[in-house]
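The structure file work_3.txt is reproduced below (compact mmCIF, C-alpha atoms and all ligand atoms).
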# COMPACT_ATOMS: atom_id res chain seq x y z
CA MET A 1 12.77 9.44 -27.17
CA PHE A 2 16.16 10.39 -25.83
CA VAL A 3 18.62 8.40 -23.79
CA THR A 4 21.44 10.09 -21.95
CA GLY A 5 24.07 8.94 -19.46
CA PRO A 6 23.34 7.04 -16.28
CA GLN A 7 23.46 10.16 -14.13
CA SER A 8 20.44 11.64 -15.84
CA HIS A 9 17.13 10.24 -16.89
CA ALA A 10 16.56 7.82 -19.70
CA ARG A 11 13.26 8.95 -20.95
CA LEU A 12 10.89 6.98 -23.04
CA ILE A 13 8.12 8.67 -24.83
CA ALA A 14 6.26 5.87 -26.49
CA ASN A 15 2.97 7.54 -27.01
CA GLY A 16 1.24 9.72 -29.46
CA ALA A 17 -1.09 6.92 -30.46
CA ASN A 18 -4.38 5.93 -28.93
CA ARG A 19 -4.93 6.86 -25.32
CA PRO A 20 -6.01 3.62 -23.70
CA SER A 21 -9.40 3.41 -22.12
CA MET A 22 -9.90 3.18 -18.38
CA ARG A 23 -10.49 -0.52 -18.85
CA ALA A 24 -7.01 -1.14 -20.21
CA ARG A 25 -4.73 -2.85 -17.72
CA PRO A 26 -2.12 -0.46 -16.36
CA SER A 27 0.53 -2.55 -18.10
CA HIS A 28 -0.93 -1.46 -21.45
CA TYR A 29 -0.38 2.17 -20.68
CA VAL A 30 3.04 3.25 -21.77
CA THR A 31 3.21 6.90 -22.27
CA ASP A 32 6.09 8.53 -20.50
CA ILE A 33 8.38 6.47 -18.39
CA SER A 34 11.55 7.86 -16.88
CA CYS A 35 14.17 5.55 -15.48
CA PRO A 36 16.13 7.59 -12.93
CA GLY A 37 19.84 7.01 -13.41
CA PRO A 38 20.91 4.60 -10.72
CA GLN A 39 24.17 4.82 -8.90
CA GLY A 40 26.01 2.40 -11.13
CA THR A 41 24.30 1.13 -14.21
CA THR A 42 23.23 -2.46 -13.91
CA ALA A 43 22.23 -5.13 -16.35
CA SER A 44 18.52 -4.71 -15.78
CA PHE A 45 18.81 -0.95 -16.12
CA CYS A 46 20.51 -1.49 -19.49
CA GLN A 47 17.78 -3.94 -20.40
CA SER A 48 15.22 -1.31 -19.58
CA ILE A 49 16.96 1.13 -21.89
CA GLN A 50 16.92 -1.47 -24.68
CA LEU A 51 13.27 -2.12 -24.00
CA ALA A 52 12.56 1.59 -23.98
CA THR A 53 14.30 1.92 -27.34
CA LYS A 54 12.30 -0.95 -28.80
CA LEU A 55 9.01 0.38 -27.55
CA SER A 56 9.82 3.81 -28.81
CA GLU A 57 10.59 2.44 -32.28
CA ASN A 58 7.34 0.49 -32.22
CA ALA A 59 5.48 3.60 -31.15
CA ALA A 60 7.01 5.54 -34.04
CA LYS A 61 5.81 2.82 -36.44
CA THR A 62 2.42 2.92 -34.75
CA ARG A 63 2.13 6.62 -35.37
CA LYS A 64 2.80 6.05 -39.08
CA THR A 65 0.48 3.07 -39.53
CA GLY A 66 -2.23 3.98 -37.05
CA ALA A 67 -1.98 0.47 -35.52
CA PRO A 68 -2.70 0.19 -31.80
CA LEU A 69 0.06 0.96 -29.31
CA PRO A 70 2.08 -2.15 -28.47
CA SER A 71 1.52 -3.29 -24.94
CA LEU A 72 4.04 -4.13 -22.27
CA THR A 73 3.91 -7.62 -20.90
CA ILE A 74 4.07 -8.16 -17.16
CA GLY A 75 7.59 -9.51 -17.54
CA ASN A 76 9.27 -6.77 -19.50
CA ALA A 77 7.35 -4.02 -17.79
CA GLY A 78 8.66 -5.38 -14.53
CA ILE A 79 12.21 -4.64 -15.65
CA LEU A 80 11.25 -1.05 -16.31
CA SER A 81 9.39 -0.74 -13.10
CA ARG A 82 12.29 -2.12 -11.09
CA ALA A 83 14.75 0.20 -12.80
CA LEU A 84 12.40 3.04 -12.08
CA SER A 85 12.22 2.19 -8.42
CA ARG A 86 15.88 1.53 -7.82
CA SER A 87 17.24 5.03 -7.30
CA GLU A 88 15.17 5.69 -4.22
CA CYS A 89 13.90 2.33 -3.07
CA THR A 90 15.03 0.71 0.10
CA ALA A 91 16.34 -2.78 -0.31
CA ASN A 92 13.98 -5.47 0.85
CA PRO A 93 15.06 -6.07 4.39
CA SER A 94 15.67 -9.58 5.59
CA PHE A 95 14.41 -9.56 9.11
CA THR A 96 16.33 -10.80 12.07
CA LYS A 97 15.01 -10.73 15.57
CA ASP A 98 17.16 -8.04 17.13
CA GLN A 99 17.98 -5.86 14.16
CA PRO A 100 16.95 -2.21 14.49
CA MET A 101 14.21 -1.44 11.96
CA LYS A 102 12.31 1.60 10.76
CA VAL A 103 8.61 1.89 11.48
CA LEU A 104 6.00 4.36 10.29
CA ILE A 105 2.79 4.63 12.31
CA VAL A 106 -0.09 6.45 10.65
CA SER A 107 -2.80 7.29 13.15
CA ALA A 108 -6.24 8.73 12.58
CA HIS A 109 -8.04 10.15 15.61
CA PRO A 110 -9.04 13.78 16.22
CA ASP A 111 -8.42 13.71 19.98
CA PRO A 112 -4.80 13.50 21.17
CA ARG A 113 -6.10 11.94 24.42
CA SER A 114 -8.06 9.20 22.66
CA LEU A 115 -7.71 5.50 23.26
CA THR A 116 -6.41 5.08 19.68
CA ASN A 117 -3.64 7.60 20.26
CA ALA A 118 -2.86 6.30 23.76
CA LEU A 119 -2.27 2.79 22.38
CA ARG A 120 -0.37 4.22 19.42
CA ASP A 121 1.95 5.93 21.93
CA VAL A 122 2.40 2.63 23.79
CA ALA A 123 3.47 1.11 20.45
CA VAL A 124 5.93 3.95 19.76
CA GLU A 125 7.43 3.64 23.23
CA GLN A 126 7.93 -0.13 22.92
CA LEU A 127 9.42 0.06 19.44
CA ARG A 128 11.89 2.76 20.51
CA ALA A 129 12.76 0.80 23.66
CA ASP A 130 13.63 -2.11 21.35
CA GLY A 131 15.97 0.11 19.37
CA HIS A 132 13.77 0.71 16.32
CA GLU A 133 13.43 4.08 14.61
CA VAL A 134 9.85 5.36 14.53
CA GLN A 135 8.08 8.11 12.64
CA VAL A 136 4.45 8.99 13.36
CA SER A 137 2.03 10.59 10.93
CA ASP A 138 -0.80 11.83 13.15
CA LEU A 139 -3.20 12.74 10.37
CA TYR A 140 -5.49 15.06 12.35
CA ALA A 141 -2.56 16.85 13.98
CA MET A 142 -1.04 17.31 10.50
CA ASN A 143 -4.34 18.60 9.16
CA TRP A 144 -3.99 16.01 6.40
CA LYS A 145 -6.06 16.76 3.31
CA ALA A 146 -8.24 13.73 2.69
CA ALA A 147 -9.75 14.61 -0.69
CA HIS A 148 -7.92 13.39 -3.77
CA ASP A 149 -8.22 16.10 -6.42
CA ARG A 150 -6.50 18.40 -8.91
CA ASP A 151 -4.31 20.02 -6.24
CA ASP A 152 -2.47 16.70 -5.89
CA PHE A 153 -0.91 17.30 -9.32
CA PRO A 154 0.83 20.70 -9.40
CA GLN A 155 1.47 20.42 -13.15
CA MET A 156 -2.14 19.69 -14.08
CA GLY A 157 -3.83 22.49 -16.00
CA SER A 158 -6.85 24.10 -14.37
CA ASP A 159 -9.18 23.07 -17.21
CA GLU A 160 -7.59 19.67 -17.90
CA ALA A 161 -9.92 16.69 -17.49
CA MET A 162 -9.15 14.97 -14.18
CA HIS A 163 -8.52 11.44 -15.34
CA LEU A 164 -6.92 10.58 -12.02
CA PRO A 165 -5.22 7.19 -12.60
CA PHE A 166 -3.59 8.51 -15.77
CA ALA A 167 -2.67 11.77 -14.08
CA SER A 168 -0.95 9.68 -11.43
CA MET A 169 0.90 7.55 -13.99
CA ASN A 170 1.99 10.63 -15.95
CA ALA A 171 3.25 12.34 -12.81
CA MET A 172 5.06 9.35 -11.30
CA ALA A 173 8.36 9.58 -13.19
CA ASP A 174 9.08 13.11 -12.02
CA ARG A 175 7.14 12.62 -8.80
CA ALA A 176 5.07 15.61 -9.78
CA PHE A 177 2.77 15.25 -6.80
CA SER A 178 1.98 17.81 -4.11
CA GLU A 179 4.59 18.14 -1.38
CA ASP A 180 2.48 16.59 1.37
CA ILE A 181 2.07 13.44 -0.75
CA ILE A 182 5.80 13.20 -1.49
CA ALA A 183 6.64 13.59 2.21
CA GLU A 184 4.32 10.70 3.14
CA GLN A 185 5.53 8.52 0.27
CA ASP A 186 9.10 9.08 1.46
CA LYS A 187 8.16 8.01 4.98
CA ALA A 188 6.42 4.87 3.72
CA LEU A 189 9.38 4.00 1.46
CA TRP A 190 11.80 4.65 4.33
CA ALA A 191 9.95 2.34 6.72
CA ASP A 192 10.44 -1.41 6.97
CA ALA A 193 7.02 -1.64 8.58
CA LEU A 194 3.83 0.38 8.41
CA ILE A 195 1.21 0.43 11.16
CA LEU A 196 -2.23 1.96 10.68
CA ALA A 197 -3.85 2.88 14.02
CA PHE A 198 -7.50 3.92 13.89
CA PRO A 199 -11.00 3.49 15.36
CA LEU A 200 -13.44 1.47 13.24
CA TRP A 201 -15.83 4.03 11.79
CA TRP A 202 -18.74 2.75 9.75
CA PHE A 203 -17.08 -0.61 9.20
CA SER A 204 -13.92 0.92 7.79
CA VAL A 205 -11.11 3.42 8.32
CA PRO A 206 -11.94 7.08 9.15
CA ALA A 207 -12.18 9.21 5.99
CA ILE A 208 -8.92 11.00 6.77
CA LEU A 209 -7.02 7.70 6.68
CA LYS A 210 -8.77 6.59 3.51
CA GLY A 211 -7.62 9.90 2.09
CA TRP A 212 -4.04 9.07 3.07
CA ILE A 213 -4.29 5.81 1.11
CA ASP A 214 -6.04 7.47 -1.86
CA ARG A 215 -3.36 10.13 -2.16
CA VAL A 216 -0.13 8.48 -1.00
CA TRP A 217 -0.63 5.25 -2.93
CA MET A 218 -0.09 6.96 -6.29
CA ALA A 219 1.28 5.16 -9.35
CA GLY A 220 4.79 3.88 -8.73
CA VAL A 221 4.14 3.56 -4.99
CA GLY A 222 0.73 1.97 -4.34
CA TYR A 223 0.50 0.34 -7.74
CA GLN A 224 2.80 -0.36 -10.63
CA ILE A 225 2.24 0.17 -14.33
CA SER A 226 3.76 -3.28 -14.72
CA GLY A 227 0.79 -4.79 -12.90
CA GLU A 228 2.95 -6.20 -10.07
CA ARG A 229 0.72 -6.43 -7.01
CA TYR A 230 -0.58 -8.82 -4.33
CA GLY A 231 2.69 -10.17 -3.01
CA ALA A 232 4.79 -8.05 -5.38
CA GLY A 233 5.08 -4.31 -5.91
CA ARG A 234 6.94 -1.39 -4.42
CA MET A 235 6.29 -2.42 -0.81
CA ALA A 236 7.39 -6.04 -1.21
CA GLY A 237 9.66 -7.06 1.64
CA LYS A 238 8.05 -4.65 4.09
CA ARG A 239 5.52 -5.51 6.79
CA ALA A 240 2.23 -3.86 7.64
CA MET A 241 -0.44 -4.26 10.30
CA VAL A 242 -3.52 -2.50 11.51
CA MET A 243 -4.33 -1.57 15.12
CA VAL A 244 -8.07 -1.09 15.20
CA MET A 245 -10.36 0.06 18.02
CA VAL A 246 -13.82 -1.45 17.65
CA GLY A 247 -16.89 -0.22 19.52
CA GLY A 248 -18.84 -3.47 19.18
CA GLY A 249 -18.16 -6.67 21.12
CA GLU A 250 -16.36 -9.67 19.66
CA SER A 251 -19.54 -11.74 19.21
CA TYR A 252 -21.12 -9.08 16.98
CA PHE A 253 -18.24 -9.66 14.58
CA SER A 254 -18.09 -13.45 14.76
CA ASP A 255 -19.05 -15.62 11.80
CA ARG A 256 -22.64 -15.61 13.15
CA GLY A 257 -22.49 -12.03 14.34
CA VAL A 258 -24.84 -9.43 12.92
CA ASN A 259 -21.97 -7.22 11.70
CA GLY A 260 -20.27 -9.97 9.71
CA PRO A 261 -16.88 -11.49 10.53
CA ILE A 262 -14.25 -8.91 11.44
CA GLU A 263 -11.72 -10.64 9.13
CA ASP A 264 -14.10 -9.94 6.24
CA LEU A 265 -14.59 -6.30 7.23
CA LEU A 266 -10.85 -5.82 7.40
CA PHE A 267 -10.18 -7.67 4.14
CA PRO A 268 -10.44 -4.56 1.91
CA ILE A 269 -7.90 -2.85 4.17
CA ASN A 270 -5.50 -5.75 4.73
CA HIS A 271 -5.70 -7.31 1.30
CA GLY A 272 -6.75 -4.33 -0.82
CA MET A 273 -4.81 -1.41 0.69
CA LEU A 274 -1.79 -3.25 2.13
CA TYR A 275 -1.18 -6.57 0.36
CA TYR A 276 -1.93 -5.01 -3.05
CA PRO A 277 1.08 -2.64 -2.87
CA GLY A 278 3.22 -5.60 -1.79
CA TYR A 279 3.33 -5.54 2.02
CA SER A 280 3.44 -8.75 4.01
CA VAL A 281 0.36 -8.19 6.15
CA LEU A 282 0.41 -9.24 9.79
CA PRO A 283 -2.63 -10.40 11.73
CA PRO A 284 -4.42 -7.26 12.94
CA TYR A 285 -4.47 -6.03 16.51
CA ILE A 286 -8.19 -5.68 17.31
CA LEU A 287 -9.56 -4.24 20.54
CA HIS A 288 -13.31 -4.66 21.07
CA LYS A 289 -15.82 -2.86 23.28
CA THR A 290 -13.70 0.25 23.27
CA ASP A 291 -16.28 2.84 24.19
CA ARG A 292 -16.23 1.84 27.84
CA MET A 293 -12.73 1.05 28.99
CA GLU A 294 -11.69 0.78 32.61
CA GLN A 295 -8.06 1.23 33.62
CA GLU A 296 -7.59 -2.51 34.09
CA ARG A 297 -8.69 -3.28 30.54
CA PHE A 298 -6.56 -0.47 29.20
CA ASP A 299 -3.52 -1.89 31.00
CA GLU A 300 -4.23 -5.33 29.51
CA ALA A 301 -4.60 -3.83 26.04
CA ALA A 302 -1.37 -1.87 26.44
CA GLU A 303 0.47 -5.07 27.31
CA GLN A 304 -0.98 -6.80 24.24
CA VAL A 305 0.20 -3.90 22.08
CA ARG A 306 3.69 -4.07 23.59
CA GLU A 307 3.84 -7.77 22.77
CA ARG A 308 2.70 -7.12 19.20
CA MET A 309 5.47 -4.55 18.83
CA ARG A 310 8.08 -6.93 20.25
CA THR A 311 7.07 -9.49 17.61
CA LEU A 312 6.45 -7.07 14.74
CA PHE A 313 9.35 -8.41 12.71
CA THR A 314 9.08 -12.05 13.68
CA ILE A 315 5.48 -13.23 13.58
CA ALA A 316 4.14 -14.86 10.44
CA PRO A 317 2.13 -12.72 8.05
CA ILE A 318 -1.32 -13.71 6.83
CA PRO A 319 -0.55 -16.15 3.99
CA TYR A 320 -2.44 -14.30 1.27
CA ARG A 321 -2.09 -15.87 -2.14
CA PRO A 322 0.43 -14.16 -4.43
CA GLN A 323 -1.11 -13.03 -7.70
CA ALA A 324 1.86 -14.18 -9.76
CA GLU A 325 1.61 -17.77 -8.49
CA ASP A 326 -1.96 -18.62 -7.61
CA TYR A 327 -4.01 -16.76 -10.23
CA THR A 328 -4.41 -17.05 -13.97
CA GLU A 329 -2.49 -14.57 -16.08
CA ARG A 330 -5.14 -12.72 -18.01
CA LYS A 331 -8.28 -13.03 -15.93
CA PHE A 332 -6.62 -13.04 -12.51
CA GLU A 333 -8.83 -15.87 -11.29
CA LEU A 334 -7.75 -18.46 -8.75
CA LYS A 335 -6.19 -21.33 -10.68
CA ASP A 336 -8.27 -24.49 -11.05
CA GLU A 337 -5.83 -26.58 -9.03
CA PHE A 338 -6.48 -24.48 -5.88
CA LEU A 339 -10.26 -24.30 -6.16
CA ALA A 340 -11.14 -27.66 -4.61
CA ASP A 341 -9.47 -26.86 -1.28
CA ALA A 342 -10.37 -23.20 -1.17
CA PRO A 343 -13.16 -22.04 1.15
CA ALA A 344 -15.82 -19.62 -0.05
CA GLY A 345 -15.65 -15.88 0.49
CA PHE A 346 -12.57 -13.78 1.17
CA ALA A 347 -10.83 -16.72 2.86
CA ARG A 348 -10.42 -18.13 -0.64
CA HIS A 349 -7.52 -15.70 -1.08
CA ILE A 350 -5.59 -17.11 1.87
CA ARG A 351 -3.44 -20.19 1.34
CA PRO A 352 -4.62 -23.04 3.55
CA GLN A 353 -2.05 -23.93 6.18
CA ALA A 354 -0.86 -27.46 6.78
C1 LIG B 401 -18.37 7.91 13.07
C2 LIG B 401 -18.31 6.66 13.92
C3 LIG B 401 -18.55 5.43 13.31
C4 LIG B 401 -18.46 4.26 14.07
N1 LIG B 401 -18.67 3.07 13.43
C5 LIG B 401 -18.53 1.94 14.13
C6 LIG B 401 -18.70 0.67 13.49
O1 LIG B 401 -18.92 0.57 12.29
N2 LIG B 401 -18.57 -0.46 14.25
C7 LIG B 401 -18.28 -0.40 15.58
O2 LIG B 401 -18.18 -1.43 16.21
N3 LIG B 401 -18.09 0.79 16.20
C8 LIG B 401 -18.19 1.94 15.52
N4 LIG B 401 -17.98 3.15 16.15
C9 LIG B 401 -17.47 3.14 17.52
C10 LIG B 401 -15.95 3.33 17.51
O3 LIG B 401 -15.34 2.19 16.91
C11 LIG B 401 -15.41 3.55 18.91
O4 LIG B 401 -15.97 4.77 19.34
C12 LIG B 401 -13.91 3.61 18.94
O5 LIG B 401 -13.36 2.34 18.69
C13 LIG B 401 -13.38 4.06 20.29
O6 LIG B 401 -12.01 4.32 20.16
P1 LIG B 401 -11.44 5.78 20.46
O7 LIG B 401 -9.99 5.80 20.23
O8 LIG B 401 -12.28 6.78 19.77
O9 LIG B 401 -11.72 5.80 22.03
P2 LIG B 401 -12.04 7.00 23.01
O10 LIG B 401 -13.42 7.47 22.78
O11 LIG B 401 -10.95 7.99 22.99
O12 LIG B 401 -11.96 6.22 24.40
C14 LIG B 401 -12.74 5.06 24.65
C15 LIG B 401 -12.60 4.66 26.12
O13 LIG B 401 -11.22 4.43 26.43
C16 LIG B 401 -10.86 5.15 27.59
N5 LIG B 401 -9.46 5.61 27.48
C17 LIG B 401 -8.92 6.38 26.52
N6 LIG B 401 -7.60 6.59 26.77
C18 LIG B 401 -7.31 5.91 27.92
C19 LIG B 401 -6.12 5.77 28.67
N7 LIG B 401 -4.97 6.34 28.30
N8 LIG B 401 -6.18 5.01 29.78
C20 LIG B 401 -7.33 4.42 30.16
N9 LIG B 401 -8.50 4.55 29.47
C21 LIG B 401 -8.49 5.28 28.36
C22 LIG B 401 -11.80 6.35 27.59
O14 LIG B 401 -11.96 6.86 28.92
C23 LIG B 401 -13.07 5.73 27.11
O15 LIG B 401 -13.76 5.06 28.13
C24 LIG B 401 -18.09 4.33 15.44
C25 LIG B 401 -17.86 5.57 16.03
C26 LIG B 401 -17.95 6.72 15.28
C27 LIG B 401 -17.67 8.05 15.93
Please, can you express the file's structure as structure tokens?
Ligand SMILES: Cc1cc2nc3c(=O)[nH]c(=O)nc-3n(C[C@H](O)[C@H](O)[C@H](O)COP(=O)(O)OP(=O)(O)OC[C@H]3O[C@@H](n4cnc5c(N)ncnc54)[C@H](O)[C@@H]3O)c2cc1C
Amino acid sequence: MFVTGPQSHARLIANGANRPSMRARPSHYVTDISCPGPQGTTASFCQSIQLATKLSENAAKTRKTGAPLPSLTIGNAGILSRALSRSECTANPSFTKDQPMKVLIVSAHPDPRSLTNALRDVAVEQLRADGHEVQVSDLYAMNWKAAHDRDDFPQMGSDEAMHLPFASMNAMADRAFSEDIIAEQDKALWADALILAFPLWWFSVPAILKGWIDRVWMAGVGYQISGERYGAGRMAGKRAMVMVMVGGGESYFSDRGVNGPIEDLLFPINHGMLYYPGYSVLPPYILHKTDRMEQERFDEAAEQVRERMRTLFTIAPIPYRPQAEDYTERKFELKDEFLADAPAGFARHIRPQA
């Protein structure tokens, strides 16, 4: 381990012992953590250095005795993780109604003239008219690579085993990811709000958008080695929503509908891909029966999208339960005290409203 001044990196190498198995919680995996020197050393940065020192000493002992690698707890790992994030993170914005904000829209449709892209453009226009800054990642136009593979890690050897979560954790300190990933991570970190605009394809997002999530949500961005997630994490303080075009009618997706409730179909996206990294997730914008749209219905939909953009920073998010408060520490199960009032199914993970 070496620690240098605040302008450079304080680097902890606390490994050399057992490589944890895939089943180990990310918080148990401490191998190579760099804390980028923040502008102005702060108390928690210093704490992270002390922690790094302690862990390194423990790791040195471990190497001598062969005992298992000491694990980070959620609490102390959080300090490291926060120090790690500070140099490039945007402060959590506190939203006020008329404040200009930054919005990233990621859209996934191959045809520039599609309904998805037309409504995306309505959203862009409204946001800009309201004074917000907007960036658009049009994944097909960018020829976005959807497959997560070796090329995402420029420093990975050609014959090295592709143990992807660990590759991601090893690469995160130096951001040793491919350039297209870094560019998208920067946009997502820049934005106060993220909007995913896509047609529902086979009950989910198109593969190209899933590939954006797979690749952009690397360690340190989509998930934290500290285990902070669901209401905490790198994206905490930011908002996210989906705009989804659905071929089937509303009744097909009702609680009696043959396709299953739309809230359930969107749960892996809203809760898994957006709430997990920390976003406050807004109710989705869902447009049904999209394959046959007349001008009148399009105009109605466009007005609904404009209204959703006007209220992007003011409407209440879905009150998903925060992991740190509503779930047990080791097993991550809903605490006993919430069980009696909790409905079955995915709705169990939403706090009941008074
Ligand atoms: C692979 C695949 C899987 C699918 N899986 C599902 C599924 O699981 N569940 C489900 O319900 N559906 C499914 N669908 C249907 C899909 O959800 C719809 O095709 C999609 O929502 C339509 O949106 P779009 O942006 O592609 O519309 P487009 O095809 O681009 O357009 C739809 C309609 O909108 C009109 N329109 C477009 N732009 C404008 C404009 N500017 N002004 C006025 N009118 C306009 C078009 O003329 C057309 O009538 C699937 C489709 C595919 C291809």
Selection as JSON, numbers by chain: residues within 7 Å of ligand LIG 401 (chain B) by all atoms listed in the file: {"A": [109, 111, 113, 114, 115, 116, 117, 118, 199, 200, 201, 202, 203, 204, 245, 246, 247, 248, 290, 291, 292, 293, 294, 295, 298]}
Nearest-residue call for Met156 in chain A, choices A:Ser178, A:Arg297, A:Gly220, A:Tyr276, using all atoms listed in the file: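 For Met156 in chain A, the nearest of the candidates is A:Ser178.
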Interatomic distance (Å, one decimal) between CA of Asp299 in chain A and CA of Ser251 in chain A: 22.2 Å
Pick from A:Ile262, A:Leu312, A:Ala232, A:Ile195 nearest to Ala324 in chain A, counting all atoms listed in the file: A:Ala232
Surrounding residues of Tyr285 in chain A excluding itself and chain neighbours under 2 positions, 10 Å, all atoms listed in the file, as a PyMOL selection string: chain A and resi 197+241-245+282-283+287+301+304-305+308
Residue with smallest distance to Pro317 in chain A - pool A:Ser280, A:Gln353, A:Ser254, A:Gln185, counting only C-alpha atoms: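 Ranking A:Ser280, A:Gln353, A:Ser254, A:Gln185 by distance to Pro317 in chain A, first place goes to A:Ser280.
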If you take all atoms listed in the file and a cut-off of 12 Å, which residues of range 194-296 of chain A touch range 326-335 of chain A, and what are their nearest atom pairs and distances in Å to one decimal, in chain and number order, as a Markdown table?
| residue | atom | partner | partner_atom | distance |
| --- | --- | --- | --- | --- |
| A:Gly227 | CA | A:Glu329 | CA | 10.8 |
| A:Glu228 | CA | A:Glu329 | CA | 11.7 |
| A:Arg229 | CA | A:Phe332 | CA | 11.3 |
| A:Tyr230 | CA | A:Asp326 | CA | 10.4 |
| A:Gly231 | CA | A:Asp326 | CA | 10.7 |
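Take CA of Tyr320 in chain A and CA of Val281 in chain A: the distance between them is 8.3 Å.
Take CA of Arg120 in chain A and CA of Lys187 in chain A: the distance between them is 17.2 Å.
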